[in-house]
Amino acid sequence: MAVKDRDRFSTATRIRLIGEQTAARVYRSQTRRQARRSRLTGRAALLALVVCSLIVALAYPMRQYVSQRAEIADLRQEQEEARRRVEQLRDLKARWQDDAYAEQRARERLHYVMPGETGYIVIDPGTAEKSRTDLGAADRPWYANVWDGVDKSDAAAR
């Protein structure tokens, strides 16, 4: 054991022991540093930057795409309404080509009668009273009618 004790105090043994202790301290500090180290690496940061730039670059075209799709849908709906209106007008034109329909409309709207018939016009009493009130407005100056119209519209807004 004397040899072991003597080796324990030798310079080489001391240097080796100091080296091992230093290595152990370095290893412990590296493991602590790695534990404290952020999970965000350079590659992850670059990947995040690329993804964000792609999102920003594609945001405007996607907004344009969505708005154009909505506009296309609106235009298709307008086109369908125009087609229906054209069909209605074609039907109306075809009806007006029929002489019986034209005669019926002339009798109804223009109060035409055939020779030998007697035409009658029935006047609704409520309509006659309304026309008399309108005559009262015609007797007043124009600016009084304008102010009455403003008052009526103001009262309707409340």
# chains A, B, ... in the order shown; residues from 1 in each chain; ligands from 1
>>> select_by_dssp(residues="chain A", states="helix (DSSP H, G or I)", output="number ranges by chain")
A: 2-8, 11-36, 42-97, 99-110, 125-139, 142-157
>>> atom_distance(atom1="CA of Glu81 in chain A", atom2="CA of Met62 in chain A")
28.8 Å
>>> atom_distance(atom1="CA of Gly119 in chain A", atom2="CA of Ala102 in chain A")
18.1 Å
>>> decode(residues="range 115-129 of chain A", atoms="N, CA, C and O atoms", output="short mmCIF file (atom, residue, chain, number, x, y, z; two decimals), in the first residue's frame")
data_model
loop_
_atom_site.label_atom_id
_atom_site.label_comp_id
_atom_site.auth_asym_id
_atom_site.auth_seq_id
_atom_site.Cartn_x
_atom_site.Cartn_y
_atom_site.Cartn_z
N PRO A 115 -118.21 48.49 -82.00
CA PRO A 115 -119.40 49.21 -82.50
C PRO A 115 -120.68 48.49 -82.05
O PRO A 115 -120.78 47.27 -82.11
N GLY A 116 -121.62 49.27 -81.54
CA GLY A 116 -122.88 48.72 -81.07
C GLY A 116 -122.88 48.44 -79.58
O GLY A 116 -123.93 48.18 -79.00
N GLU A 117 -121.74 48.47 -78.91
CA GLU A 117 -121.66 48.25 -77.46
C GLU A 117 -121.73 49.60 -76.75
O GLU A 117 -121.39 50.64 -77.31
N THR A 118 -122.18 49.56 -75.50
CA THR A 118 -122.22 50.76 -74.70
C THR A 118 -121.18 50.63 -73.60
O THR A 118 -121.16 49.64 -72.87
N GLY A 119 -120.32 51.64 -73.49
CA GLY A 119 -119.26 51.59 -72.49
C GLY A 119 -119.64 52.32 -71.22
O GLY A 119 -120.26 53.38 -71.26
N TYR A 120 -119.33 51.73 -70.10
CA TYR A 120 -119.61 52.34 -68.80
C TYR A 120 -118.31 52.41 -68.02
O TYR A 120 -117.49 51.50 -68.04
N ILE A 121 -118.16 53.51 -67.27
CA ILE A 121 -117.01 53.66 -66.38
C ILE A 121 -117.56 53.89 -64.99
O ILE A 121 -118.34 54.82 -64.75
N VAL A 122 -117.18 53.03 -64.05
CA VAL A 122 -117.63 53.15 -62.67
C VAL A 122 -116.55 53.89 -61.91
O VAL A 122 -115.37 53.51 -61.91
N ILE A 123 -116.95 54.95 -61.23
CA ILE A 123 -116.00 55.75 -60.48
C ILE A 123 -116.14 55.41 -59.00
O ILE A 123 -117.24 55.43 -58.45
N ASP A 124 -115.04 55.12 -58.37
CA ASP A 124 -115.01 54.80 -56.95
C ASP A 124 -115.18 56.09 -56.16
O ASP A 124 -114.46 57.07 -56.41
N PRO A 125 -116.12 56.17 -55.21
CA PRO A 125 -116.33 57.43 -54.47
C PRO A 125 -115.09 57.85 -53.68
O PRO A 125 -114.84 59.04 -53.52
N GLY A 126 -114.33 56.91 -53.15
CA GLY A 126 -113.12 57.26 -52.40
C GLY A 126 -112.10 57.96 -53.29
O GLY A 126 -111.39 58.88 -52.87
N THR A 127 -112.01 57.57 -54.53
CA THR A 127 -111.09 58.18 -55.47
C THR A 127 -111.51 59.61 -55.78
O THR A 127 -110.68 60.51 -55.91
N ALA A 128 -112.81 59.84 -55.89
CA ALA A 128 -113.31 61.19 -56.18
C ALA A 128 -112.98 62.14 -55.02
O ALA A 128 -112.62 63.29 -55.24
N GLU A 129 -113.11 61.67 -53.78
CA GLU A 129 -112.77 62.52 -52.63
C GLU A 129 -111.29 62.86 -52.61
O GLU A 129 -110.90 63.96 -52.27
#
